[in-house]
>>> print(open('upload32.pdb').read())   # PDB, C-alpha atoms
ATOM      1  CA  MET A   1     266.579 -12.010  74.430  1.00  0.00           C
ATOM      2  CA  ALA A   2     270.229 -11.126  74.433  1.00  0.00           C
ATOM      3  CA  VAL A   3     272.333  -8.172  73.338  1.00  0.00           C
ATOM      4  CA  ARG A   4     274.292  -8.713  70.149  1.00  0.00           C
ATOM      5  CA  ILE A   5     277.860  -7.331  70.129  1.00  0.00           C
ATOM      6  CA  VAL A   6     279.328  -6.625  66.684  1.00  0.00           C
ATOM      7  CA  PHE A   7     283.100  -6.346  66.241  1.00  0.00           C
ATOM      8  CA  LEU A   8     284.347  -4.152  63.403  1.00  0.00           C
ATOM      9  CA  GLY A   9     287.772  -3.845  61.801  1.00  0.00           C
ATOM     10  CA  LYS A  10     290.671  -5.304  63.704  1.00  0.00           C
ATOM     11  CA  LEU A  11     288.470  -5.854  66.771  1.00  0.00           C
ATOM     12  CA  ALA A  12     286.920  -8.744  64.834  1.00  0.00           C
ATOM     13  CA  ASP A  13     290.375 -10.307  64.529  1.00  0.00           C
ATOM     14  CA  LEU A  14     291.072  -9.767  68.223  1.00  0.00           C
ATOM     15  CA  SER A  15     287.791 -11.356  69.243  1.00  0.00           C
ATOM     16  CA  GLY A  16     288.074 -14.160  66.711  1.00  0.00           C
ATOM     17  CA  GLU A  17     284.467 -13.628  65.616  1.00  0.00           C
ATOM     18  CA  ALA A  18     282.360 -10.990  63.920  1.00  0.00           C
ATOM     19  CA  GLU A  19     279.694 -10.959  66.612  1.00  0.00           C
ATOM     20  CA  ARG A  20     278.585 -12.611  69.807  1.00  0.00           C
ATOM     21  CA  GLU A  21     275.553 -12.532  72.068  1.00  0.00           C
ATOM     22  CA  VAL A  22     275.645 -11.700  75.746  1.00  0.00           C
ATOM     23  CA  PRO A  23     272.885 -11.483  78.352  1.00  0.00           C
ATOM     24  CA  ALA A  24     270.785  -8.302  78.521  1.00  0.00           C
ATOM     25  CA  PRO A  25     270.825  -5.646  79.791  1.00  0.00           C
ATOM     26  CA  LEU A  26     274.381  -4.520  79.143  1.00  0.00           C
ATOM     27  CA  ASP A  27     276.185  -1.499  80.557  1.00  0.00           C
ATOM     28  CA  TRP A  28     279.810  -0.403  80.129  1.00  0.00           C
ATOM     29  CA  ALA A  29     281.190  -2.410  83.064  1.00  0.00           C
ATOM     30  CA  GLN A  30     279.287  -5.501  81.972  1.00  0.00           C
ATOM     31  CA  LEU A  31     280.534  -5.092  78.419  1.00  0.00           C
ATOM     32  CA  LEU A  32     284.168  -4.942  79.543  1.00  0.00           C
ATOM     33  CA  ALA A  33     283.670  -7.927  81.825  1.00  0.00           C
ATOM     34  CA  SER A  34     282.085  -9.963  79.040  1.00  0.00           C
ATOM     35  CA  LEU A  35     284.922  -9.240  76.607  1.00  0.00           C
ATOM     36  CA  GLY A  36     287.804 -10.517  78.710  1.00  0.00           C
ATOM     37  CA  PRO A  37     291.000  -8.604  79.512  1.00  0.00           C
ATOM     38  CA  GLY A  38     292.677  -8.308  76.088  1.00  0.00           C
ATOM     39  CA  LEU A  39     289.599  -7.208  74.173  1.00  0.00           C
ATOM     40  CA  ALA A  40     288.398  -5.019  77.034  1.00  0.00           C
ATOM     41  CA  GLN A  41     291.667  -3.093  76.947  1.00  0.00           C
ATOM     42  CA  ALA A  42     291.354  -2.580  73.188  1.00  0.00           C
ATOM     43  CA  VAL A  43     287.742  -1.432  73.458  1.00  0.00           C
ATOM     44  CA  ALA A  44     288.528   0.935  76.346  1.00  0.00           C
ATOM     45  CA  ASP A  45     291.016   2.781  74.122  1.00  0.00           C
ATOM     46  CA  GLY A  46     289.882   6.350  73.501  1.00  0.00           C
ATOM     47  CA  THR A  47     289.789   5.871  69.725  1.00  0.00           C
ATOM     48  CA  VAL A  48     287.156   3.122  69.857  1.00  0.00           C
ATOM     49  CA  ARG A  49     283.554   4.327  69.576  1.00  0.00           C
ATOM     50  CA  ILE A  50     280.343   2.491  70.393  1.00  0.00           C
ATOM     51  CA  ALA A  51     276.992   2.605  68.640  1.00  0.00           C
ATOM     52  CA  VAL A  52     273.744   1.121  69.895  1.00  0.00           C
ATOM     53  CA  ASP A  53     271.272   0.185  67.167  1.00  0.00           C
ATOM     54  CA  GLY A  54     273.153   2.398  64.706  1.00  0.00           C
ATOM     55  CA  GLU A  55     273.288   5.449  67.000  1.00  0.00           C
ATOM     56  CA  LEU A  56     276.747   6.604  68.035  1.00  0.00           C
ATOM     57  CA  LEU A  57     277.217   7.183  71.769  1.00  0.00           C
ATOM     58  CA  ALA A  58     278.808  10.493  72.741  1.00  0.00           C
ATOM     59  CA  ASP A  59     280.181   8.817  75.871  1.00  0.00           C
ATOM     60  CA  LYS A  60     280.640   5.069  75.627  1.00  0.00           C
ATOM     61  CA  SER A  61     280.793   4.668  79.395  1.00  0.00           C
ATOM     62  CA  MET A  62     277.084   5.587  79.376  1.00  0.00           C
ATOM     63  CA  LEU A  63     276.296   2.391  77.440  1.00  0.00           C
ATOM     64  CA  SER A  64     272.894   1.003  78.353  1.00  0.00           C
ATOM     65  CA  ALA A  65     271.737  -1.679  75.939  1.00  0.00           C
ATOM     66  CA  GLN A  66     268.490  -3.590  76.304  1.00  0.00           C
ATOM     67  CA  ALA A  67     267.430  -7.024  75.109  1.00  0.00           C
ATOM     68  CA  GLY A  68     267.356  -7.195  71.319  1.00  0.00           C
ATOM     69  CA  SER A  69     269.781  -4.318  70.870  1.00  0.00           C
ATOM     70  CA  GLU A  70     272.888  -4.395  68.726  1.00  0.00           C
ATOM     71  CA  VAL A  71     276.060  -2.893  70.186  1.00  0.00           C
ATOM     72  CA  ALA A  72     278.731  -2.085  67.570  1.00  0.00           C
ATOM     73  CA  LEU A  73     282.347  -1.650  68.617  1.00  0.00           C
ATOM     74  CA  LEU A  74     283.933   0.737  66.121  1.00  0.00           C
ATOM     75  CA  PRO A  75     287.710   1.191  65.898  1.00  0.00           C
ATOM     76  CA  PRO A  76     289.164   4.173  63.988  1.00  0.00           C
ATOM     77  CA  VAL A  77     288.081   4.157  60.347  1.00  0.00           C
ATOM     78  CA  SER A  78     290.413   3.858  57.362  1.00  0.00           C
ATOM     79  CA  GLY A  79     288.319   3.983  54.237  1.00  0.00           C
ATOM     80  CA  GLY A  80     287.945   5.553  50.875  1.00  0.00           C
TER      81      GLY A  80
ATOM     82  CA  MET B   1     268.567  17.537  41.197  1.00  0.00           C
ATOM     83  CA  ALA B   2     269.534  13.958  41.860  1.00  0.00           C
ATOM     84  CA  ILE B   3     271.542  12.356  44.606  1.00  0.00           C
ATOM     85  CA  THR B   4     272.638   8.768  44.020  1.00  0.00           C
ATOM     86  CA  VAL B   5     274.499   6.922  46.776  1.00  0.00           C
ATOM     87  CA  GLU B   6     275.366   3.246  46.480  1.00  0.00           C
ATOM     88  CA  LEU B   7     277.411   0.740  48.438  1.00  0.00           C
ATOM     89  CA  GLY B   8     278.192  -2.493  46.635  1.00  0.00           C
ATOM     90  CA  GLY B   9     280.148  -5.687  47.025  1.00  0.00           C
ATOM     91  CA  THR B  10     280.859  -6.323  43.347  1.00  0.00           C
ATOM     92  CA  PRO B  11     283.095  -4.563  40.769  1.00  0.00           C
ATOM     93  CA  PHE B  12     281.608  -1.514  39.071  1.00  0.00           C
ATOM     94  CA  ASN B  13     282.367   0.434  35.914  1.00  0.00           C
ATOM     95  CA  PRO B  14     282.670   4.164  36.687  1.00  0.00           C
ATOM     96  CA  GLY B  15     281.999   5.135  33.084  1.00  0.00           C
ATOM     97  CA  ALA B  16     278.655   3.386  33.160  1.00  0.00           C
ATOM     98  CA  TYR B  17     277.607   5.715  35.972  1.00  0.00           C
ATOM     99  CA  VAL B  18     279.114   9.021  34.881  1.00  0.00           C
ATOM    100  CA  GLY B  19     277.619   9.133  31.381  1.00  0.00           C
ATOM    101  CA  PRO B  20     273.982   8.786  32.450  1.00  0.00           C
ATOM    102  CA  PHE B  21     274.587  11.034  35.475  1.00  0.00           C
ATOM    103  CA  THR B  22     275.914  13.843  33.267  1.00  0.00           C
ATOM    104  CA  ASN B  23     273.114  13.377  30.736  1.00  0.00           C
ATOM    105  CA  ALA B  24     270.532  13.616  33.507  1.00  0.00           C
ATOM    106  CA  HIS B  25     271.567  17.209  34.250  1.00  0.00           C
ATOM    107  CA  PRO B  26     271.164  19.260  31.084  1.00  0.00           C
ATOM    108  CA  GLY B  27     272.279  22.849  31.510  1.00  0.00           C
ATOM    109  CA  LEU B  28     275.062  22.030  33.959  1.00  0.00           C
ATOM    110  CA  GLY B  29     278.094  24.280  33.913  1.00  0.00           C
ATOM    111  CA  GLY B  30     280.592  21.661  34.994  1.00  0.00           C
ATOM    112  CA  VAL B  31     280.954  18.101  36.135  1.00  0.00           C
ATOM    113  CA  CYS B  32     283.876  16.864  38.216  1.00  0.00           C
ATOM    114  CA  THR B  33     284.579  13.159  38.734  1.00  0.00           C
ATOM    115  CA  PHE B  34     287.063  11.353  40.960  1.00  0.00           C
ATOM    116  CA  VAL B  35     287.690   7.607  40.775  1.00  0.00           C
ATOM    117  CA  GLY B  36     289.853   5.927  43.421  1.00  0.00           C
ATOM    118  CA  GLU B  37     291.408   2.570  42.563  1.00  0.00           C
ATOM    119  CA  VAL B  38     293.359  -0.065  44.454  1.00  0.00           C
ATOM    120  CA  ARG B  39     297.065   0.729  44.190  1.00  0.00           C
ATOM    121  CA  GLY B  40     299.358  -2.094  43.139  1.00  0.00           C
ATOM    122  CA  GLU B  41     302.470  -0.745  44.861  1.00  0.00           C
ATOM    123  CA  GLY B  42     304.132  -2.190  47.925  1.00  0.00           C
ATOM    124  CA  GLY B  43     303.370  -5.789  47.068  1.00  0.00           C
ATOM    125  CA  VAL B  44     299.650  -5.386  47.709  1.00  0.00           C
ATOM    126  CA  GLU B  45     297.814  -8.423  46.349  1.00  0.00           C
ATOM    127  CA  ALA B  46     294.339  -7.494  47.513  1.00  0.00           C
ATOM    128  CA  LEU B  47     292.478  -4.980  49.611  1.00  0.00           C
ATOM    129  CA  GLU B  48     289.402  -5.605  51.710  1.00  0.00           C
ATOM    130  CA  LEU B  49     286.971  -2.962  52.873  1.00  0.00           C
ATOM    131  CA  THR B  50     284.514  -3.873  55.567  1.00  0.00           C
ATOM    132  CA  HIS B  51     281.598  -1.699  56.580  1.00  0.00           C
ATOM    133  CA  TYR B  52     278.798  -1.675  59.146  1.00  0.00           C
ATOM    134  CA  ALA B  53     275.471  -1.789  57.357  1.00  0.00           C
ATOM    135  CA  PRO B  54     273.352   0.096  59.920  1.00  0.00           C
ATOM    136  CA  MET B  55     275.677   3.120  59.762  1.00  0.00           C
ATOM    137  CA  THR B  56     277.814   3.173  56.619  1.00  0.00           C
ATOM    138  CA  LEU B  57     275.231   3.840  53.916  1.00  0.00           C
ATOM    139  CA  PRO B  58     273.128   6.198  56.067  1.00  0.00           C
ATOM    140  CA  GLY B  59     276.339   8.113  56.831  1.00  0.00           C
ATOM    141  CA  MET B  60     277.197   8.358  53.125  1.00  0.00           C
ATOM    142  CA  GLU B  61     273.686   9.591  52.362  1.00  0.00           C
ATOM    143  CA  ALA B  62     273.978  12.270  55.040  1.00  0.00           C
ATOM    144  CA  LEU B  63     277.374  13.300  53.673  1.00  0.00           C
ATOM    145  CA  ALA B  64     275.982  13.553  50.144  1.00  0.00           C
ATOM    146  CA  ALA B  65     273.100  15.717  51.338  1.00  0.00           C
ATOM    147  CA  ARG B  66     275.494  18.023  53.161  1.00  0.00           C
ATOM    148  CA  ALA B  67     277.704  18.372  50.085  1.00  0.00           C
ATOM    149  CA  VAL B  68     274.731  19.206  47.853  1.00  0.00           C
ATOM    150  CA  ASP B  69     273.558  21.801  50.339  1.00  0.00           C
ATOM    151  CA  ARG B  70     276.982  23.311  51.036  1.00  0.00           C
ATOM    152  CA  PHE B  71     278.073  23.650  47.393  1.00  0.00           C
ATOM    153  CA  GLY B  72     274.688  24.224  45.797  1.00  0.00           C
ATOM    154  CA  LEU B  73     275.083  21.222  43.493  1.00  0.00           C
ATOM    155  CA  MET B  74     272.763  20.210  40.680  1.00  0.00           C
ATOM    156  CA  GLY B  75     273.517  16.544  41.316  1.00  0.00           C
ATOM    157  CA  LEU B  76     275.847  14.196  43.159  1.00  0.00           C
ATOM    158  CA  LEU B  77     276.892  10.606  42.541  1.00  0.00           C
ATOM    159  CA  MET B  78     278.696   8.622  45.256  1.00  0.00           C
ATOM    160  CA  ILE B  79     279.510   4.950  44.693  1.00  0.00           C
ATOM    161  CA  HIS B  80     281.644   2.920  47.113  1.00  0.00           C
ATOM    162  CA  ARG B  81     282.872  -0.664  47.025  1.00  0.00           C
ATOM    163  CA  THR B  82     283.097  -3.065  49.909  1.00  0.00           C
ATOM    164  CA  GLY B  83     284.598  -6.545  50.010  1.00  0.00           C
ATOM    165  CA  VAL B  84     287.800  -7.878  48.489  1.00  0.00           C
ATOM    166  CA  MET B  85     289.329  -5.953  45.577  1.00  0.00           C
ATOM    167  CA  ARG B  86     292.390  -6.458  43.395  1.00  0.00           C
ATOM    168  CA  PRO B  87     294.863  -3.768  42.255  1.00  0.00           C
ATOM    169  CA  GLY B  88     293.338  -1.673  39.496  1.00  0.00           C
ATOM    170  CA  GLU B  89     289.744  -2.156  40.622  1.00  0.00           C
ATOM    171  CA  PRO B  90     287.748   0.991  41.388  1.00  0.00           C
ATOM    172  CA  ILE B  91     287.015   1.524  45.091  1.00  0.00           C
ATOM    173  CA  VAL B  92     285.142   4.798  45.013  1.00  0.00           C
ATOM    174  CA  LEU B  93     283.520   7.153  42.532  1.00  0.00           C
ATOM    175  CA  VAL B  94     282.339  10.655  43.352  1.00  0.00           C
ATOM    176  CA  SER B  95     280.923  12.890  40.658  1.00  0.00           C
ATOM    177  CA  ALA B  96     279.334  16.299  41.167  1.00  0.00           C
ATOM    178  CA  CYS B  97     277.653  18.620  38.714  1.00  0.00           C
ATOM    179  CA  ALA B  98     276.978  22.283  39.283  1.00  0.00           C
ATOM    180  CA  HIS B  99     276.425  25.535  37.468  1.00  0.00           C
ATOM    181  CA  HIS B 100     280.052  26.526  38.047  1.00  0.00           C
ATOM    182  CA  ARG B 101     283.259  24.521  38.119  1.00  0.00           C
ATOM    183  CA  ARG B 102     284.476  25.522  41.581  1.00  0.00           C
ATOM    184  CA  ALA B 103     281.422  24.082  43.307  1.00  0.00           C
ATOM    185  CA  ALA B 104     281.755  20.783  41.444  1.00  0.00           C
ATOM    186  CA  ILE B 105     285.494  20.442  42.124  1.00  0.00           C
ATOM    187  CA  ASP B 106     285.245  21.431  45.785  1.00  0.00           C
ATOM    188  CA  ALA B 107     282.268  19.155  46.396  1.00  0.00           C
ATOM    189  CA  VAL B 108     284.179  16.118  45.143  1.00  0.00           C
ATOM    190  CA  ASP B 109     287.208  17.055  47.267  1.00  0.00           C
ATOM    191  CA  PHE B 110     284.941  17.544  50.306  1.00  0.00           C
ATOM    192  CA  CYS B 111     283.216  14.193  49.822  1.00  0.00           C
ATOM    193  CA  MET B 112     286.497  12.319  49.357  1.00  0.00           C
ATOM    194  CA  ASP B 113     288.078  13.832  52.466  1.00  0.00           C
ATOM    195  CA  HIS B 114     285.037  12.819  54.503  1.00  0.00           C
ATOM    196  CA  LEU B 115     284.825   9.342  52.978  1.00  0.00           C
ATOM    197  CA  LYS B 116     288.479   8.763  53.842  1.00  0.00           C
ATOM    198  CA  SER B 117     288.371   9.742  57.475  1.00  0.00           C
ATOM    199  CA  GLN B 118     284.773  10.116  58.635  1.00  0.00           C
ATOM    200  CA  SER B 119     282.886   7.252  57.050  1.00  0.00           C
ATOM    201  CA  TRP B 120     282.434   3.811  58.524  1.00  0.00           C
ATOM    202  CA  PHE B 121     284.928   1.743  56.553  1.00  0.00           C
ATOM    203  CA  TRP B 122     287.817  -0.419  57.713  1.00  0.00           C
ATOM    204  CA  LYS B 123     290.549  -1.368  55.303  1.00  0.00           C
ATOM    205  CA  ARG B 124     293.088  -4.135  55.276  1.00  0.00           C
ATOM    206  CA  GLU B 125     295.651  -5.151  52.705  1.00  0.00           C
ATOM    207  CA  LYS B 126     296.898  -8.575  51.738  1.00  0.00           C
ATOM    208  CA  ARG B 127     300.607  -8.807  51.106  1.00  0.00           C
ATOM    209  CA  ALA B 128     302.868 -11.852  50.735  1.00  0.00           C
ATOM    210  CA  ASP B 129     302.932 -12.308  54.518  1.00  0.00           C
ATOM    211  CA  GLY B 130     299.188 -12.062  55.050  1.00  0.00           C
ATOM    212  CA  TRP B 131     296.520  -9.480  55.888  1.00  0.00           C
ATOM    213  CA  HIS B 132     297.356  -6.151  57.557  1.00  0.00           C
ATOM    214  CA  TRP B 133     294.853  -3.636  58.936  1.00  0.00           C
ATOM    215  CA  ILE B 134     295.434  -0.095  57.698  1.00  0.00           C
ATOM    216  CA  GLU B 135     295.617   2.490  60.449  1.00  0.00           C
ATOM    217  CA  PRO B 136     294.126   5.961  59.960  1.00  0.00           C
ATOM    218  CA  ARG B 137     296.649   8.366  58.464  1.00  0.00           C
ATOM    219  CA  GLN B 138     297.420  11.782  59.928  1.00  0.00           C
ATOM    220  CA  GLU B 139     297.162  13.281  56.429  1.00  0.00           C
ATOM    221  CA  ASP B 140     293.541  12.164  56.253  1.00  0.00           C
ATOM    222  CA  HIS B 141     292.720  14.193  59.333  1.00  0.00           C
ATOM    223  CA  SER B 142     294.602  17.281  58.179  1.00  0.00           C
ATOM    224  CA  ASP B 143     292.820  16.993  54.829  1.00  0.00           C
ATOM    225  CA  LEU B 144     289.533  16.933  56.701  1.00  0.00           C
ATOM    226  CA  ALA B 145     290.471  19.976  58.770  1.00  0.00           C
ATOM    227  CA  ARG B 146     290.448  22.082  55.594  1.00  0.00           C
ATOM    228  CA  TRP B 147     286.652  21.955  55.764  1.00  0.00           C
ATOM    229  CA  SER B 148     286.858  22.943  59.379  1.00  0.00           C
ATOM    230  CA  GLU B 149     283.596  24.718  59.952  1.00  0.00           C
ATOM    231  CA  GLU B 150     281.966  21.400  60.681  1.00  0.00           C
ATOM    232  CA  ILE B 151     283.470  18.026  61.404  1.00  0.00           C
ATOM    233  CA  ILE B 152     280.572  15.848  62.313  1.00  0.00           C
ATOM    234  CA  GLU B 153     280.253  12.127  62.645  1.00  0.00           C
ATOM    235  CA  VAL B 154     278.601  10.452  59.715  1.00  0.00           C
TER     236      VAL B 154
END
>>> encode(input="upload32.pdb", output="C-alpha cells")
Amino acid sequence: MAVRIVFLGKLADLSGEAEREVPAPLDWAQLLASLGPGLAQAVADGTVRIAVDGELLADKSMLSAQAGSEVALLPPVSGG
Amino acid sequence: MAITVELGGTPFNPGAYVGPFTNAHPGLGGVCTFVGEVRGEGGVEALELTHYAPMTLPGMEALAARAVDRFGLMGLLMIHRTGVMRPGEPIVLVSACAHHRRAAIDAVDFCMDHLKSQSWFWKREKRADGWHWIEPRQEDHSDLARWSEEIIEV
C-alpha cells in the first residue's frame, strides 16, 4: 500500500491534482523529493502545515507516514 | 443545551435554522445571530470554499464546544457552506443563545474570528480574469488575538 498525499488550497493548483499516491513509508526528505522542486519549495514554506490521518504535526520535518496513511499539505487558511 | 454544527455543499436558508433553534431554548435571555454572505463588490462573480473533510468539521465541533464552555451558552448553532457560491448567498451562520446578552454576542464574535483564521477552509474568488486564491488577512489574526488566552489549532 502507498501513502496518499492530499493537496489543499493553492497547493492543489501548483501540483495540478488534488491528490497523488507515493510509495510508503514517507518521511520529510522523501516527501520533498517526491514533490519535485517547485512544489517542494512551496511545501517547505513555514506557513504550510502537515497533517497525517487528520492529526496536525507540530514539526513537519518529523513526518513519518506509513502505508495506508493520508498526508495532507495545508497552506494558510482563509475561510469564513 | 444543544450544539448543532453542519458543513454543507448546497445553499441554506439561515431563517430556517434560527427559528427552530430559538424555539428549542425556552427561557433564554438573549439570542445573537450572525450571517455572512458572499460580497458582490470588486467584480466577484463567484466564491469557492474548499475544506478538508478529516479536519474541518471536527475542528468546527471542537470550536463550538469551546465557545459553549467559555461563554456558558444555552445553545450554539454553527452552519458553514463549502463549494461554489454566488454573491448574496449565505456562507456562514452562527447563532448563540444564553441567559444574558453579553455571552451570546461575545460567543458569536469568538466563533467568527476563529472560523475566519483558525478553521480549515481555503477560499478563492472568480473574477473576469479567472480564479484567485485569497490570502489570509492580517486583520483576521489581530481579530483572533483579542481572545488571546488561548489560540489553539482546530
>>> closest_atom_pairs(input="upload32.pdb", of="chain A", to="chain B", cutoff="8 Å", atoms="all atoms listed in the file", output="tab-separated table")
residue	atom	partner	partner_atom	distance
A:Leu8	CA	B:Tyr52	CA	7.4
A:Gly9	CA	B:Trp122	CA	5.3
A:Lys10	CA	B:Trp133	CA	6.6
A:Asp53	CA	B:Pro54	CA	7.5
A:Gly54	CA	B:Pro54	CA	5.3
A:Glu55	CA	B:Met55	CA	8.0
A:Pro76	CA	B:Pro136	CA	6.6
A:Val77	CA	B:Trp122	CA	5.3
A:Ser78	CA	B:Pro136	CA	5.0
A:Gly79	CA	B:Phe121	CA	4.7
A:Gly80	CA	B:Lys116	CA	4.4
>>> closest_residue(input="upload32.pdb", among="A:Pro75, A:Gly46, A:Gly68, A:Gly36", to="Ala24 in chain A", atoms="all atoms listed in the file")
A:Gly68
>>> residues_around(input="upload32.pdb", residues="Leu39 in chain A", least_positions_apart="4", cutoff="9 Å", atoms="all atoms listed in the file", output="MDAnalysis selection string")
chainID A and resid 11 14:15 32 35 43:44
>>> write_last_selection(input="upload32.pdb", atoms="C-alpha atoms", output="compact mmCIF listing (two decimals), in the frame of the given file")
# COMPACT_ATOMS: atom_id res chain seq x y z
CA LEU A 11 288.47 -5.85 66.77
CA LEU A 14 291.07 -9.77 68.22
CA SER A 15 287.79 -11.36 69.24
CA LEU A 32 284.17 -4.94 79.54
CA LEU A 35 284.92 -9.24 76.61
CA VAL A 43 287.74 -1.43 73.46
CA ALA A 44 288.53 0.94 76.35
>>> resolve_selection(input="upload32.pdb", expression="the PyMOL selection byres ((chain B and resi 83-87) around 6)", output="list of chain:residue names")
B:Gly9, B:Val38, B:Arg39, B:Gly40, B:Ala46, B:Leu47, B:Glu48, B:Leu49, B:Thr82, B:Gly88, B:Glu89
>>> closest_residue(input="upload32.pdb", among="A:Ile5, A:Ala33, A:Met62, A:Ala72", to="Ile50 in chain A", atoms="all atoms listed in the file")
A:Ala72
>>> closest_residue(input="upload32.pdb", among="B:Ala96, B:Ser142, B:Arg127, B:Val35", to="Val68 in chain B", atoms="all atoms listed in the file")
B:Ala96
>>> atom_distance(input="upload32.pdb", atom1="CA of Ala2 in chain A", atom2="CA of Leu73 in chain A")
16.4 Å
>>> closest_residue(input="upload32.pdb", among="B:Ala98, B:Trp131, B:Gly59, B:Ala104", to="Leu28 in chain B", atoms="all atoms listed in the file")
B:Ala98
>>> residues_near_point(input="upload32.pdb", point="(276.9, -9.6, 70.8)", cutoff="8 Å", atoms="only C-alpha atoms", output="PDB file with C-alpha atoms, in the frame of the given file")
ATOM      1  CA  ALA A   2     270.229 -11.126  74.433  1.00  0.00           C
ATOM      2  CA  VAL A   3     272.333  -8.172  73.338  1.00  0.00           C
ATOM      3  CA  ARG A   4     274.292  -8.713  70.149  1.00  0.00           C
ATOM      4  CA  ILE A   5     277.860  -7.331  70.129  1.00  0.00           C
ATOM      5  CA  VAL A   6     279.328  -6.625  66.684  1.00  0.00           C
ATOM      6  CA  GLU A  19     279.694 -10.959  66.612  1.00  0.00           C
ATOM      7  CA  ARG A  20     278.585 -12.611  69.807  1.00  0.00           C
ATOM      8  CA  GLU A  21     275.553 -12.532  72.068  1.00  0.00           C
ATOM      9  CA  VAL A  22     275.645 -11.700  75.746  1.00  0.00           C
ATOM     10  CA  GLU A  70     272.888  -4.395  68.726  1.00  0.00           C
ATOM     11  CA  VAL A  71     276.060  -2.893  70.186  1.00  0.00           C
TER      12      VAL A  71
END
>>> decode(input="upload32.pdb", residues="range 23-37 of chain A", atoms="N, CA and C atoms", output="PDB file, in the first residue's frame")
ATOM      1  N   PRO A  23       5.101   5.867  -2.813  1.00  0.00           N
ATOM      2  CA  PRO A  23       5.438   4.649  -2.060  1.00  0.00           C
ATOM      3  C   PRO A  23       5.617   4.919  -0.559  1.00  0.00           C
ATOM      4  N   ALA A  24       5.216   3.947   0.256  1.00  0.00           N
ATOM      5  CA  ALA A  24       5.391   4.028   1.703  1.00  0.00           C
ATOM      6  C   ALA A  24       6.696   3.329   2.082  1.00  0.00           C
ATOM      7  N   PRO A  25       7.278   3.657   3.240  1.00  0.00           N
ATOM      8  CA  PRO A  25       6.895   4.767   4.124  1.00  0.00           C
ATOM      9  C   PRO A  25       7.387   6.095   3.554  1.00  0.00           C
ATOM     10  N   LEU A  26       6.970   7.183   4.205  1.00  0.00           N
ATOM     11  CA  LEU A  26       7.298   8.506   3.685  1.00  0.00           C
ATOM     12  C   LEU A  26       7.751   9.411   4.827  1.00  0.00           C
ATOM     13  N   ASP A  27       8.985   9.890   4.736  1.00  0.00           N
ATOM     14  CA  ASP A  27       9.430  10.895   5.716  1.00  0.00           C
ATOM     15  C   ASP A  27       9.555  12.246   5.005  1.00  0.00           C
ATOM     16  N   TRP A  28      10.030  13.245   5.739  1.00  0.00           N
ATOM     17  CA  TRP A  28      10.059  14.622   5.225  1.00  0.00           C
ATOM     18  C   TRP A  28      10.931  14.725   3.965  1.00  0.00           C
ATOM     19  N   ALA A  29      12.122  14.127   4.011  1.00  0.00           N
ATOM     20  CA  ALA A  29      13.026  14.224   2.861  1.00  0.00           C
ATOM     21  C   ALA A  29      12.431  13.507   1.652  1.00  0.00           C
ATOM     22  N   GLN A  30      11.790  12.376   1.913  1.00  0.00           N
ATOM     23  CA  GLN A  30      11.171  11.632   0.811  1.00  0.00           C
ATOM     24  C   GLN A  30       9.975  12.389   0.234  1.00  0.00           C
ATOM     25  N   LEU A  31       9.249  13.066   1.114  1.00  0.00           N
ATOM     26  CA  LEU A  31       8.117  13.865   0.632  1.00  0.00           C
ATOM     27  C   LEU A  31       8.617  14.951  -0.318  1.00  0.00           C
ATOM     28  N   LEU A  32       9.624  15.707   0.122  1.00  0.00           N
ATOM     29  CA  LEU A  32      10.143  16.796  -0.709  1.00  0.00           C
ATOM     30  C   LEU A  32      10.668  16.258  -2.034  1.00  0.00           C
ATOM     31  N   ALA A  33      11.347  15.129  -1.977  1.00  0.00           N
ATOM     32  CA  ALA A  33      11.901  14.546  -3.201  1.00  0.00           C
ATOM     33  C   ALA A  33      10.789  14.115  -4.154  1.00  0.00           C
ATOM     34  N   SER A  34       9.695  13.610  -3.585  1.00  0.00           N
ATOM     35  CA  SER A  34       8.609  13.117  -4.439  1.00  0.00           C
ATOM     36  C   SER A  34       7.824  14.255  -5.080  1.00  0.00           C
ATOM     37  N   LEU A  35       7.890  15.441  -4.479  1.00  0.00           N
ATOM     38  CA  LEU A  35       7.071  16.558  -4.971  1.00  0.00           C
ATOM     39  C   LEU A  35       7.706  17.271  -6.152  1.00  0.00           C
ATOM     40  N   GLY A  36       9.025  17.214  -6.252  1.00  0.00           N
ATOM     41  CA  GLY A  36       9.699  17.995  -7.293  1.00  0.00           C
ATOM     42  C   GLY A  36       9.987  19.396  -6.764  1.00  0.00           C
ATOM     43  N   PRO A  37      10.931  20.097  -7.410  1.00  0.00           N
ATOM     44  CA  PRO A  37      11.484  21.332  -6.851  1.00  0.00           C
ATOM     45  C   PRO A  37      10.453  22.431  -6.544  1.00  0.00           C
TER      46      PRO A  37
END
